[in-house]
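**Q** Before I ask anything, let me first share the structure, which is written out below as structure tokens.
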Amino acid sequence: LVHILFWWLVSVLGRFVFIGYNWDLISPVSGTILINIFKYGFWLDLSMSSYLTLLLFLLYSVSRLCQHKAVVYSIHFISGISLLLLTLLTCADAVVYKHWSAKINPMAISFLSSPKEVMASVGNDDHILIISTVGVLFFYVLYRLYFVLSRFLFRDPVKNKLELMVGSLVVFPLLVIGIRGGVQLEPINQSSAFFSDRTIYNHAALNTSWNLLNK
């Protein structure tokens, strides 16, 4: 639960970055629209959070059973790398959308191999320093928060391994349901975040990392 809430918070804050950086494109916007952006983006945020939590949960279960520090360090390492990638993706998506009016996609990422062309495309008037500063603060604050939360996860050794195994059997299917976005026949898709006739509102509600993974 702690991991899911953490990764959900990452998605929510990433949406704030997108909205703030592209405010000139989004405005004018009412409070109701802003609420709907986060409301309709919730299920994709939950799905992405469950994706990220699933692997870490499996490693966490192993670490509680064997009490080996190497597994704990692996969890911290993977979490740090995941957070770094999500930070870069969040900042890149905000910049790409401002200039190309499209969410970041594999084609946009392929352009990164030609940084000169990318800089020529975004122009010299872009607030690269601002988005870079936001990215650094975004990563630093969330990484610190992760370690604060980790103290609760790894605080006490497991005394009842049977209890852990039963708990794992309960949590695992819940994570799968979260990834699918519910128990319906069809898994969740992009359309679940669409609620407006203005494309940018729908794109603001769309989870950037989920959208990229499901391209």
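Residue names in the structure tokens use chain letters A, B, ... in the order shown, residue numbers from 1 in each chain, and ligand numbers from 1 in the order shown.
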Residues of stretch 4-212 of chain A in alpha helix (DSSP H) according to DSSP, as a VMD selection string?
**A** chain A and resid 4 to 21 23 to 26 31 to 66 69 to 100 106 to 110 115 to 122 128 to 153 161 to 180 199 to 205 208 to 212
**Q** Quick one, how far is atom CA of A:Cys91 from atom CA of A:Thr32?
**A**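 Computing the Euclidean distance for atom CA of A:Cys91 and atom CA of A:Thr32 yields 25.3 Å.
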**Q** Do you know which residues are at most 9 Å from stretch 10-27 of chain A counting only C-alpha atoms, after dropping those on the same chain fewer than 4 positions away, and could you put them as number ranges by chain?
**A** A: 5-6, 37-38, 41-42, 45-46, 48-49, 83, 86-87, 90-91, 93-95, 97-98, 131, 134-135, 138, 142, 200-201, 204-209
**Q** Enter the distance from atom CA of A:Tyr60 to atom CA of A:Trp8, in Å, rounded to one decimal.
**A**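 Answer for the atom CA of A:Tyr60 to atom CA of A:Trp8 separation: 18.5 Å.
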**Q** For each of A:Val62, A:Thr53, A:Ser132, A:Asp197, take the minimum atom-to-atom distance to A:Leu89, counting only C-alpha atoms, then give the residue where this is smallest.
**A**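 Checking each candidate against A:Leu89, we get A:Ser132 as the closest.
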**Q** Atom CA of A:Ser192 to atom CA of A:Leu169: how many Å, to one decimal?
**A** 28.5 Å
**Q** Looking at A:Val141, A:Phe57, A:Val148, A:Ser74, which one is nearest to A:Val170, with distances taken over only C-alpha atoms?
**A**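 Closest candidate: A:Phe57.
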**Q** Looking at A:Phe172, A:Trp43, A:Phe147, A:Trp7, which one is nearest to A:Phe77, with distances taken over only C-alpha atoms?
**A**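 So, comparing all the options, the nearest one is A:Phe147.
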**Q** Would you please work out which residue, of A:Lys39, A:Lys69, A:His76, A:Leu59, is nearest to A:Leu149 when using only C-alpha atoms?
**A** A:His76
**Q** Would you mind telling me which residue in A:Ile75, A:Leu88, A:Leu174, A:Leu9 lies nearest to A:Ile109 when using only C-alpha atoms?
**A**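 Nearest candidate to A:Ile109 out of A:Ile75, A:Leu88, A:Leu174, A:Leu9: A:Leu88.
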